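**Q** Got a structure for you, work.json, holding JSON, C-alpha atoms.
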```
[["chain", "number", "residue", "atom", "x", "y", "z"],
["A", 27, "GLN", "CA", -1.23, 64.95, 22.23],
["A", 28, "MET", "CA", -0.78, 61.48, 23.75],
["A", 29, "PHE", "CA", -3.19, 62.31, 26.58],
["A", 30, "ASP", "CA", -5.69, 63.61, 24.02],
["A", 31, "CYS", "CA", -5.39, 60.27, 22.18],
["A", 32, "GLY", "CA", -6.37, 58.36, 25.32],
["A", 33, "MET", "CA", -3.14, 57.78, 27.26],
["A", 34, "THR", "CA", -3.82, 57.48, 30.99],
["A", 35, "GLY", "CA", -0.38, 56.69, 32.36],
["A", 36, "ILE", "CA", 3.23, 56.01, 31.59],
["A", 37, "ARG", "CA", 6.02, 53.69, 32.74],
["A", 38, "LEU", "CA", 9.31, 55.18, 33.91],
["A", 39, "ASN", "CA", 12.26, 52.76, 33.77],
["A", 40, "LEU", "CA", 14.50, 53.35, 36.80],
["A", 41, "SER", "CA", 17.16, 50.78, 35.87],
["A", 42, "HIS", "CA", 19.62, 53.49, 34.82],
["A", 43, "LYS", "CA", 18.34, 56.65, 36.51],
["A", 44, "SER", "CA", 16.54, 57.70, 39.69],
["A", 45, "LEU", "CA", 13.35, 59.65, 40.34],
["A", 46, "GLU", "CA", 15.55, 62.59, 41.28],
["A", 47, "ASP", "CA", 17.35, 62.36, 37.91],
["A", 48, "SER", "CA", 13.96, 62.29, 36.18],
["A", 49, "LYS", "CA", 12.31, 65.19, 38.02],
["A", 50, "GLU", "CA", 12.33, 67.60, 35.06],
["A", 51, "TRP", "CA", 10.78, 64.97, 32.81],
["A", 52, "ILE", "CA", 8.14, 64.16, 35.47],
["A", 53, "LYS", "CA", 7.33, 67.88, 35.78],
["A", 54, "ILE", "CA", 6.71, 68.12, 32.01],
["A", 55, "TYR", "CA", 4.58, 64.97, 32.13],
["A", 56, "LYS", "CA", 2.40, 66.31, 34.94],
["A", 57, "GLU", "CA", 1.99, 69.69, 33.25],
["A", 58, "ALA", "CA", 0.85, 67.94, 30.06],
["A", 59, "ALA", "CA", -1.73, 65.96, 32.07],
["A", 60, "VAL", "CA", -3.13, 69.13, 33.64],
["A", 61, "LYS", "CA", -3.30, 70.83, 30.24],
["A", 62, "ALA", "CA", -5.23, 67.84, 28.87],
["A", 63, "GLY", "CA", -7.49, 67.68, 31.92],
["A", 64, "LYS", "CA", -6.43, 64.11, 32.74],
["A", 65, "GLU", "CA", -5.34, 62.23, 35.85],
["A", 66, "ALA", "CA", -1.87, 60.92, 35.05],
["A", 67, "ASP", "CA", -0.69, 57.57, 36.37],
["A", 68, "LEU", "CA", 3.04, 57.26, 36.91],
["A", 69, "LEU", "CA", 4.33, 53.68, 37.12],
["A", 70, "ILE", "CA", 7.94, 53.22, 38.16],
["A", 71, "ASP", "CA", 9.82, 50.11, 37.06],
["A", 72, "LEU", "CA", 12.39, 49.16, 39.70],
["A", 73, "ILE", "CA", 15.78, 47.51, 39.20],
["A", 74, "GLY", "CA", 14.83, 44.50, 41.32],
["A", 75, "PRO", "CA", 16.84, 41.28, 41.39],
["A", 76, "GLU", "CA", 17.96, 41.48, 37.77],
["A", 77, "ILE", "CA", 21.69, 40.85, 37.46],
["A", 78, "ARG", "CA", 23.85, 42.99, 35.22],
["A", 79, "ILE", "CA", 27.46, 42.92, 34.15],
["A", 80, "GLY", "CA", 29.66, 45.82, 35.26],
["A", 81, "ASP", "CA", 31.12, 48.70, 33.29],
["A", 82, "LEU", "CA", 33.29, 47.94, 30.28],
["A", 83, "GLU", "CA", 36.00, 50.24, 28.95],
["A", 84, "GLU", "CA", 34.57, 49.79, 25.45],
["A", 85, "THR", "CA", 31.99, 47.71, 23.60],
["A", 86, "LEU", "CA", 33.26, 44.15, 23.14],
["A", 87, "HIS", "CA", 32.75, 42.07, 20.01],
["A", 88, "LEU", "CA", 32.56, 38.45, 21.14],
["A", 89, "ASN", "CA", 33.24, 35.94, 18.40],
["A", 90, "MET", "CA", 31.82, 32.43, 18.24],
["A", 91, "ASP", "CA", 34.20, 29.92, 19.90],
["A", 92, "GLY", "CA", 36.29, 32.78, 21.31],
["A", 93, "GLN", "CA", 37.18, 32.98, 25.00],
["A", 94, "ILE", "CA", 36.35, 35.58, 27.64],
["A", 95, "VAL", "CA", 37.15, 36.07, 31.31],
["A", 96, "LEU", "CA", 34.51, 36.83, 33.93],
["A", 97, "THR", "CA", 35.90, 38.43, 37.08],
["A", 98, "TRP", "CA", 34.78, 40.07, 40.30],
["A", 99, "ASP", "CA", 38.35, 41.25, 41.03],
["A", 100, "GLU", "CA", 38.97, 44.59, 39.28],
["A", 101, "MET", "CA", 42.73, 44.19, 39.68],
["A", 102, "LEU", "CA", 42.85, 41.02, 37.56],
["A", 103, "ASN", "CA", 45.02, 41.50, 34.49],
["A", 104, "ALA", "CA", 43.74, 39.38, 31.61],
["A", 105, "GLN", "CA", 44.77, 41.39, 28.58],
["A", 106, "GLU", "CA", 44.85, 38.41, 26.26],
["A", 107, "TYR", "CA", 41.09, 37.91, 26.79],
["A", 108, "SER", "CA", 38.03, 40.15, 26.82],
["A", 109, "THR", "CA", 37.35, 40.72, 30.53],
["A", 110, "ILE", "CA", 33.84, 41.24, 31.86],
["A", 111, "PRO", "CA", 33.11, 42.18, 35.50],
["A", 112, "VAL", "CA", 30.19, 40.37, 37.16],
["A", 113, "PRO", "CA", 28.68, 40.61, 40.69],
["A", 114, "ALA", "CA", 30.62, 38.65, 43.31],
["A", 115, "PHE", "CA", 27.53, 36.77, 44.54],
["A", 116, "VAL", "CA", 27.35, 34.75, 41.29],
["A", 117, "LYS", "CA", 30.83, 33.30, 41.94],
["A", 118, "GLU", "CA", 29.59, 30.15, 43.68],
["A", 119, "HIS", "CA", 27.46, 29.25, 40.64],
["A", 120, "LEU", "CA", 30.22, 29.59, 38.05],
["A", 121, "THR", "CA", 31.17, 25.92, 37.82],
["A", 122, "VAL", "CA", 32.49, 24.19, 34.70],
["A", 123, "GLY", "CA", 29.65, 23.65, 32.21],
["A", 124, "GLN", "CA", 27.41, 26.45, 33.57],
["A", 125, "MET", "CA", 25.75, 28.48, 30.81],
["A", 126, "LEU", "CA", 25.46, 32.27, 31.07],
["A", 127, "LEU", "CA", 23.23, 34.53, 28.98],
["A", 128, "MET", "CA", 23.99, 38.22, 28.48],
["A", 129, "ASP", "CA", 22.06, 41.12, 26.99],
["A", 130, "ASP", "CA", 18.65, 39.42, 27.29],
["A", 131, "GLY", "CA", 20.00, 36.17, 25.85],
["A", 132, "LYS", "CA", 21.60, 37.62, 22.73],
["A", 133, "ILE", "CA", 25.02, 36.36, 23.89],
["A", 134, "GLU", "CA", 25.68, 32.90, 25.34],
["A", 135, "VAL", "CA", 28.85, 31.60, 27.00],
["A", 136, "ILE", "CA", 29.76, 28.43, 28.89],
["A", 137, "VAL", "CA", 32.23, 28.16, 31.78],
["A", 138, "GLU", "CA", 35.28, 26.10, 30.76],
["A", 139, "GLN", "CA", 37.67, 26.78, 33.66],
["A", 140, "SER", "CA", 37.01, 28.04, 37.19],
["A", 141, "GLU", "CA", 39.69, 29.73, 39.31],
["A", 142, "GLU", "CA", 39.63, 31.61, 42.62],
["A", 143, "ASP", "CA", 39.60, 35.10, 41.08],
["A", 144, "TYR", "CA", 38.04, 34.49, 37.68],
["A", 145, "VAL", "CA", 36.42, 32.01, 35.30],
["A", 146, "LEU", "CA", 37.33, 31.34, 31.67],
["A", 147, "CYS", "CA", 34.37, 30.95, 29.31],
["A", 148, "LYS", "CA", 33.84, 29.88, 25.73],
["A", 149, "VAL", "CA", 31.54, 31.99, 23.56],
["A", 150, "THR", "CA", 28.79, 29.78, 22.09],
["A", 151, "ARG", "CA", 26.70, 32.65, 20.67],
["A", 152, "GLY", "CA", 28.56, 35.88, 19.96],
["A", 153, "GLY", "CA", 27.71, 39.50, 19.40],
["A", 154, "HIS", "CA", 28.41, 43.03, 20.59],
["A", 155, "LEU", "CA", 28.35, 43.57, 24.37],
["A", 156, "SER", "CA", 28.29, 46.95, 26.13],
["A", 157, "SER", "CA", 28.26, 47.98, 29.80],
["A", 158, "ARG", "CA", 25.49, 47.14, 32.28],
["A", 159, "LYS", "CA", 23.72, 44.56, 30.10],
["A", 160, "SER", "CA", 21.63, 41.85, 31.76],
["A", 161, "LEU", "CA", 23.17, 38.59, 32.97],
["A", 162, "ALA", "CA", 21.29, 35.33, 33.58],
["A", 163, "LEU", "CA", 22.40, 31.92, 34.85],
["A", 164, "PRO", "CA", 19.81, 29.35, 33.70],
["A", 165, "GLY", "CA", 19.08, 26.70, 36.32],
["A", 166, "CYS", "CA", 20.60, 28.65, 39.22],
["A", 167, "VAL", "CA", 18.68, 29.96, 42.22],
["A", 168, "LEU", "CA", 20.46, 33.19, 43.13],
["A", 169, "LYS", "CA", 20.25, 34.81, 46.54],
["A", 170, "ASN", "CA", 20.37, 38.46, 45.55],
["A", 171, "PRO", "CA", 17.73, 40.60, 47.32],
["A", 172, "PRO", "CA", 14.56, 41.65, 45.45],
["A", 173, "LEU", "CA", 15.22, 45.36, 46.07],
["A", 174, "THR", "CA", 18.46, 47.27, 45.55],
["A", 175, "SER", "CA", 19.60, 50.28, 47.60],
["A", 176, "GLN", "CA", 18.58, 52.48, 44.64],
["A", 177, "ASP", "CA", 15.12, 50.86, 44.65],
["A", 178, "HIS", "CA", 14.72, 51.73, 48.33],
["A", 179, "GLU", "CA", 15.79, 55.33, 47.67],
["A", 180, "ASN", "CA", 13.22, 55.66, 44.89],
["A", 181, "LEU", "CA", 10.46, 54.14, 47.04],
["A", 182, "LYS", "CA", 11.17, 56.62, 49.85],
["A", 183, "HIS", "CA", 10.43, 59.53, 47.50],
["A", 184, "ALA", "CA", 7.67, 57.92, 45.44],
["A", 185, "VAL", "CA", 4.75, 60.00, 46.72],
["A", 186, "GLU", "CA", 6.44, 63.38, 46.33],
["A", 187, "TYR", "CA", 6.97, 62.60, 42.64],
["A", 188, "GLY", "CA", 3.36, 61.46, 42.16],
["A", 189, "VAL", "CA", 4.07, 57.76, 41.71],
["A", 190, "THR", "CA", 0.82, 55.78, 41.61],
["A", 191, "ALA", "CA", 2.18, 52.25, 41.04],
["A", 192, "VAL", "CA", 5.37, 50.23, 41.34],
["A", 193, "MET", "CA", 6.44, 47.50, 38.92],
["A", 194, "GLN", "CA", 8.57, 44.79, 40.51],
["A", 195, "PRO", "CA", 10.71, 43.08, 37.82],
["A", 196, "PHE", "CA", 11.94, 39.49, 37.72],
["A", 197, "VAL", "CA", 9.55, 38.27, 40.42],
["A", 198, "ARG", "CA", 10.75, 34.84, 41.57],
["A", 199, "SER", "CA", 8.21, 34.09, 44.31],
["A", 200, "LYS", "CA", 5.62, 35.70, 46.55],
["A", 201, "GLU", "CA", 8.42, 36.58, 48.99],
["A", 202, "ASP", "CA", 9.73, 39.22, 46.56],
["A", 203, "LEU", "CA", 6.33, 40.94, 46.59],
["A", 204, "ILE", "CA", 5.96, 40.61, 50.36],
["A", 205, "GLU", "CA", 9.31, 42.37, 50.78],
["A", 206, "LEU", "CA", 8.26, 45.15, 48.39],
["A", 207, "ARG", "CA", 4.96, 45.62, 50.22],
["A", 208, "ALA", "CA", 6.80, 45.73, 53.56],
["A", 209, "ALA", "CA", 9.18, 48.39, 52.17],
["A", 210, "LEU", "CA", 6.26, 50.52, 50.96],
["A", 211, "LYS", "CA", 4.61, 50.19, 54.37],
["A", 212, "SER", "CA", 7.79, 51.22, 56.18],
["A", 213, "TYR", "CA", 7.98, 54.35, 54.02],
["A", 214, "LYS", "CA", 4.26, 55.09, 54.65],
["A", 215, "LYS", "CA", 3.44, 54.43, 50.98],
["A", 216, "GLU", "CA", 0.91, 51.59, 51.44],
["A", 217, "LYS", "CA", -1.57, 53.01, 48.89],
["A", 218, "ILE", "CA", 0.80, 52.62, 45.95],
["A", 219, "ARG", "CA", -0.27, 49.72, 43.73],
["A", 220, "ILE", "CA", 2.10, 46.85, 42.90],
["A", 221, "PHE", "CA", 2.46, 45.17, 39.52],
["A", 222, "ALA", "CA", 4.42, 41.90, 39.46],
["A", 223, "LYS", "CA", 6.45, 41.37, 36.29],
["A", 224, "ILE", "CA", 6.66, 37.65, 35.58],
["A", 225, "GLU", "CA", 9.65, 37.26, 33.26],
["A", 226, "ASN", "CA", 11.41, 34.26, 31.75]]
```
If you convert what's in this file into structure tokens, what do you get?

**A**
Amino acid sequence: QMFDCGMTGIRLNLSHKSLEDSKEWIKIYKEAAVKAGKEADLLIDLIGPEIRIGDLEETLHLNMDGQIVLTWDEMLNAQEYSTIPVPAFVKEHLTVGQMLLMDDGKIEVIVEQSEEDYVLCKVTRGGHLSSRKSLALPGCVLKNPPLTSQDHENLKHAVEYGVTAVMQPFVRSKEDLIELRAALKSYKKEKIRIFAKIEN
């Protein structure tokens, strides 16, 4: 019905699943396109350099002016605080006064104390926080690569799943796109189009 109404393509978000995980859905999508007599574009949205918190045991409710611990050491015992795992490469940026935004900016915290294995933060805008939500450090230039290992795995198999375009999220500079184009070339997928997502 969507094809009959004029749809020509669809975006598949690969932040939480792979092309392999989505193969049954892709099969249904392609069959619907054939039935409607349409050429179906399939755009895949990569993970890219977006930073996310780790897995939480349960959803946290962060209260205004409360305190939380950010850690990259899973063995840290901080039972008196809500503990949130973050990628180790952000450690060097977690200095006193640094703001952090989680879940697309819904939650805001500020670093109050920095230790070797963790940082203590004050919640300046609270809310509910669940696993794998986005994390941003305003003002910091982070060195994480533009493509993750899962991105590379999806790009390797793009053609066999009928991918026609790739969306690169959180583009920071032309270098991110150059690296994506080089990856597509190395996997013999040069004809796949690239869409740069410019996000703030």

**Q** Counting all atoms listed in the file, figure out which residue out of A:Glu179, A:Glu225, A:Glu118, A:Glu216 gets nearest to A:Pro195.

**A**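 Nearest candidate to A:Pro195 out of A:Glu179, A:Glu225, A:Glu118, A:Glu216: A:Glu225.
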
**Q** So which residues touch A:Ala58 within 12 Å, counting all atoms listed in the file, skipping near sequence neighbours fewer than 2 positions away, as JSON, numbers by chain?

**A** {"A": [27, 28, 29, 30, 33, 34, 35, 51, 52, 53, 54, 55, 56, 60, 61, 62, 63, 64, 65, 66]}

**Q** So which one's closest to A:Val197, A:Glu83, A:Glu76, A:Glu134, A:Asp67? Using all atoms listed in the file, please.

**A**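 Of all the options, A:Glu76 lies closest to A:Val197.
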
**Q** For A:Cys147, which residue among A:Ala114, A:Val185, A:Ile204, A:Val122 is the nearest when counting only C-alpha atoms?

**A**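 Distance minimum relative to A:Cys147 lands on A:Val122.
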
**Q** Hey, what's within 10 Å of stretch 156-169 of chain A if we count all atoms listed in the file and toss same-chain stuff fewer than 3 positions away? As number ranges by chain, please?

**A** A: 41-42, 75-87, 110-113, 115-116, 118-120, 124-134, 172, 198, 226

**Q** For atom CA of A:Leu203 and atom CA of A:Lys223, determine how far apart the two atoms are, in Å to one decimal place.

**A**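 Straight-line distance from atom CA of A:Leu203 to atom CA of A:Lys223 works out to 10.3 Å.
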
**Q** One decimal, in Å: what's the spacing between atom CA of A:Val192 and atom CA of A:Leu72?

**A**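 Between atom CA of A:Val192 and atom CA of A:Leu72 the gap works out to 7.3 Å.
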
**Q** Measure the distance from atom CA of A:Asn89 to atom CA of A:Glu142 in Å and round it to one decimal.

**A** 25.4 Å

**Q** Go through A:Ile218, A:Ile70, A:Met90, A:Leu96 and flag the residue nearest A:Asp177, using only C-alpha atoms for the distances.

**A**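 Comparing A:Ile218, A:Ile70, A:Met90, A:Leu96 against A:Asp177, the winner is A:Ile70.
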
**Q** Given only C-alpha atoms as the basis, pick out the residue of A:Ala59, A:Val95, A:Ala191, A:Ala184 nearest to A:Lys148.

**A**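 Counting only C-alpha atoms, the residue closest to A:Lys148 is A:Val95.
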
**Q** List as a list in words the protein and nucleic acid residues near A:Gln139, meaning an atom at most 9 Å away when all atoms listed in the file are counted, but skip any in the same chain fewer than 3 places from it.

**A**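 With the cut-off at 9 Å, the set is Thr121, Val122, Gly123, Tyr144, Val145, Leu146 and Cys147 of chain A.
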
**Q** Give as a ChimeraX atom specification the set of residues within 12 Å of the point (2.3, 57.4, 54.5), where distances use the file's coordinates and only C-alpha atoms.

**A** /A:181-186,209-218

**Q** How would you write as a short mmCIF file (atom, residue, chain, number, x, y, z; two decimals) with C-alpha atoms, in the coordinates of the input the residues that get within 7 Å of (32.9, 28.6, 26.7) in the file's frame, counting all atoms listed in the file?

**A**
```
data_model
loop_
_atom_site.label_atom_id
_atom_site.label_comp_id
_atom_site.auth_asym_id
_atom_site.auth_seq_id
_atom_site.Cartn_x
_atom_site.Cartn_y
_atom_site.Cartn_z
CA GLN A 93 37.18 32.98 25.00
CA VAL A 135 28.85 31.60 27.00
CA ILE A 136 29.76 28.43 28.89
CA VAL A 137 32.23 28.16 31.78
CA GLU A 138 35.28 26.10 30.76
CA CYS A 147 34.37 30.95 29.31
CA LYS A 148 33.84 29.88 25.73
CA VAL A 149 31.54 31.99 23.56
CA THR A 150 28.79 29.78 22.09
#
```

**Q** Using only C-alpha atoms for the distances, tell me which of A:Asn180, A:Glu201, A:Leu173, A:His154 is nearest to A:Asn39.

**A** A:Asn180

**Q** Produce the centre coordinates and the three edge lengths, each in Å to one decimal, of the box along x, y and z that contains all listed atoms of stretch 114-121 of chain A with 4 Å added on each side, as JSON.

**A**
```
{"center_x": 29.3, "center_y": 32.3, "center_z": 41.2, "size_x": 11.8, "size_y": 20.7, "size_z": 14.7}
```

**Q** How would stretch 57-75 of chain A read, as a PDB file, keeping the file's coordinate frame, once N, CA, C and O atoms are built in?

**A**
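Saved result, selection39.pdb, follows:
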```
ATOM      1  N   GLU A  57       2.546  68.478  33.859  1.00  0.00           N
ATOM      2  CA  GLU A  57       1.990  69.690  33.250  1.00  0.00           C
ATOM      3  C   GLU A  57       1.148  69.355  32.026  1.00  0.00           C
ATOM      4  O   GLU A  57       0.093  69.960  31.792  1.00  0.00           O
ATOM      5  N   ALA A  58       1.611  68.362  31.244  1.00  0.00           N
ATOM      6  CA  ALA A  58       0.850  67.940  30.060  1.00  0.00           C
ATOM      7  C   ALA A  58      -0.488  67.328  30.477  1.00  0.00           C
ATOM      8  O   ALA A  58      -1.517  67.546  29.813  1.00  0.00           O
ATOM      9  N   ALA A  59      -0.495  66.571  31.586  1.00  0.00           N
ATOM     10  CA  ALA A  59      -1.730  65.960  32.070  1.00  0.00           C
ATOM     11  C   ALA A  59      -2.737  67.024  32.493  1.00  0.00           C
ATOM     12  O   ALA A  59      -3.926  66.947  32.175  1.00  0.00           O
ATOM     13  N   VAL A  60      -2.261  68.036  33.205  1.00  0.00           N
ATOM     14  CA  VAL A  60      -3.130  69.130  33.640  1.00  0.00           C
ATOM     15  C   VAL A  60      -3.718  69.857  32.428  1.00  0.00           C
ATOM     16  O   VAL A  60      -4.914  70.163  32.372  1.00  0.00           O
ATOM     17  N   LYS A  61      -2.861  70.123  31.454  1.00  0.00           N
ATOM     18  CA  LYS A  61      -3.300  70.830  30.240  1.00  0.00           C
ATOM     19  C   LYS A  61      -4.373  70.036  29.516  1.00  0.00           C
ATOM     20  O   LYS A  61      -5.310  70.612  28.929  1.00  0.00           O
ATOM     21  N   ALA A  62      -4.250  68.694  29.548  1.00  0.00           N
ATOM     22  CA  ALA A  62      -5.230  67.840  28.870  1.00  0.00           C
ATOM     23  C   ALA A  62      -6.435  67.522  29.741  1.00  0.00           C
ATOM     24  O   ALA A  62      -7.385  66.879  29.279  1.00  0.00           O
ATOM     25  N   GLY A  63      -6.382  67.953  31.008  1.00  0.00           N
ATOM     26  CA  GLY A  63      -7.490  67.680  31.920  1.00  0.00           C
ATOM     27  C   GLY A  63      -7.589  66.220  32.312  1.00  0.00           C
ATOM     28  O   GLY A  63      -8.685  65.693  32.516  1.00  0.00           O
ATOM     29  N   LYS A  64      -6.457  65.544  32.429  1.00  0.00           N
ATOM     30  CA  LYS A  64      -6.430  64.110  32.740  1.00  0.00           C
ATOM     31  C   LYS A  64      -5.683  63.846  34.043  1.00  0.00           C
ATOM     32  O   LYS A  64      -4.791  64.596  34.433  1.00  0.00           O
ATOM     33  N   GLU A  65      -6.101  62.761  34.708  1.00  0.00           N
ATOM     34  CA  GLU A  65      -5.340  62.230  35.850  1.00  0.00           C
ATOM     35  C   GLU A  65      -4.231  61.354  35.289  1.00  0.00           C
ATOM     36  O   GLU A  65      -4.503  60.434  34.509  1.00  0.00           O
ATOM     37  N   ALA A  66      -3.003  61.626  35.653  1.00  0.00           N
ATOM     38  CA  ALA A  66      -1.870  60.920  35.050  1.00  0.00           C
ATOM     39  C   ALA A  66      -1.278  59.889  35.995  1.00  0.00           C
ATOM     40  O   ALA A  66      -0.763  60.230  37.054  1.00  0.00           O
ATOM     41  N   ASP A  67      -1.370  58.612  35.594  1.00  0.00           N
ATOM     42  CA  ASP A  67      -0.690  57.570  36.370  1.00  0.00           C
ATOM     43  C   ASP A  67       0.799  57.601  36.048  1.00  0.00           C
ATOM     44  O   ASP A  67       1.210  57.825  34.907  1.00  0.00           O
ATOM     45  N   LEU A  68       1.596  57.366  37.087  1.00  0.00           N
ATOM     46  CA  LEU A  68       3.040  57.260  36.910  1.00  0.00           C
ATOM     47  C   LEU A  68       3.502  55.943  37.533  1.00  0.00           C
ATOM     48  O   LEU A  68       3.481  55.781  38.755  1.00  0.00           O
ATOM     49  N   LEU A  69       3.855  54.990  36.671  1.00  0.00           N
ATOM     50  CA  LEU A  69       4.330  53.680  37.120  1.00  0.00           C
ATOM     51  C   LEU A  69       5.859  53.675  37.068  1.00  0.00           C
ATOM     52  O   LEU A  69       6.440  54.014  36.029  1.00  0.00           O
ATOM     53  N   ILE A  70       6.478  53.321  38.173  1.00  0.00           N
ATOM     54  CA  ILE A  70       7.940  53.220  38.160  1.00  0.00           C
ATOM     55  C   ILE A  70       8.346  51.750  38.107  1.00  0.00           C
ATOM     56  O   ILE A  70       7.789  50.909  38.797  1.00  0.00           O
ATOM     57  N   ASP A  71       9.303  51.467  37.247  1.00  0.00           N
ATOM     58  CA  ASP A  71       9.820  50.110  37.060  1.00  0.00           C
ATOM     59  C   ASP A  71      11.156  50.030  37.791  1.00  0.00           C
ATOM     60  O   ASP A  71      12.125  50.705  37.403  1.00  0.00           O
ATOM     61  N   LEU A  72      11.201  49.233  38.851  1.00  0.00           N
ATOM     62  CA  LEU A  72      12.390  49.160  39.700  1.00  0.00           C
ATOM     63  C   LEU A  72      13.506  48.338  39.034  1.00  0.00           C
ATOM     64  O   LEU A  72      13.313  47.709  38.001  1.00  0.00           O
ATOM     65  N   ILE A  73      14.667  48.340  39.670  1.00  0.00           N
ATOM     66  CA  ILE A  73      15.780  47.510  39.200  1.00  0.00           C
ATOM     67  C   ILE A  73      15.524  46.058  39.583  1.00  0.00           C
ATOM     68  O   ILE A  73      15.641  45.147  38.774  1.00  0.00           O
ATOM     69  N   GLY A  74      15.144  45.840  40.849  1.00  0.00           N
ATOM     70  CA  GLY A  74      14.830  44.500  41.320  1.00  0.00           C
ATOM     71  C   GLY A  74      16.023  43.567  41.314  1.00  0.00           C
ATOM     72  O   GLY A  74      17.174  43.998  41.298  1.00  0.00           O
ATOM     73  N   PRO A  75      15.755  42.256  41.277  1.00  0.00           N
ATOM     74  CA  PRO A  75      16.840  41.280  41.390  1.00  0.00           C
ATOM     75  C   PRO A  75      17.549  40.961  40.080  1.00  0.00           C
ATOM     76  O   PRO A  75      18.327  40.019  40.011  1.00  0.00           O
TER      77      PRO A  75
END
```
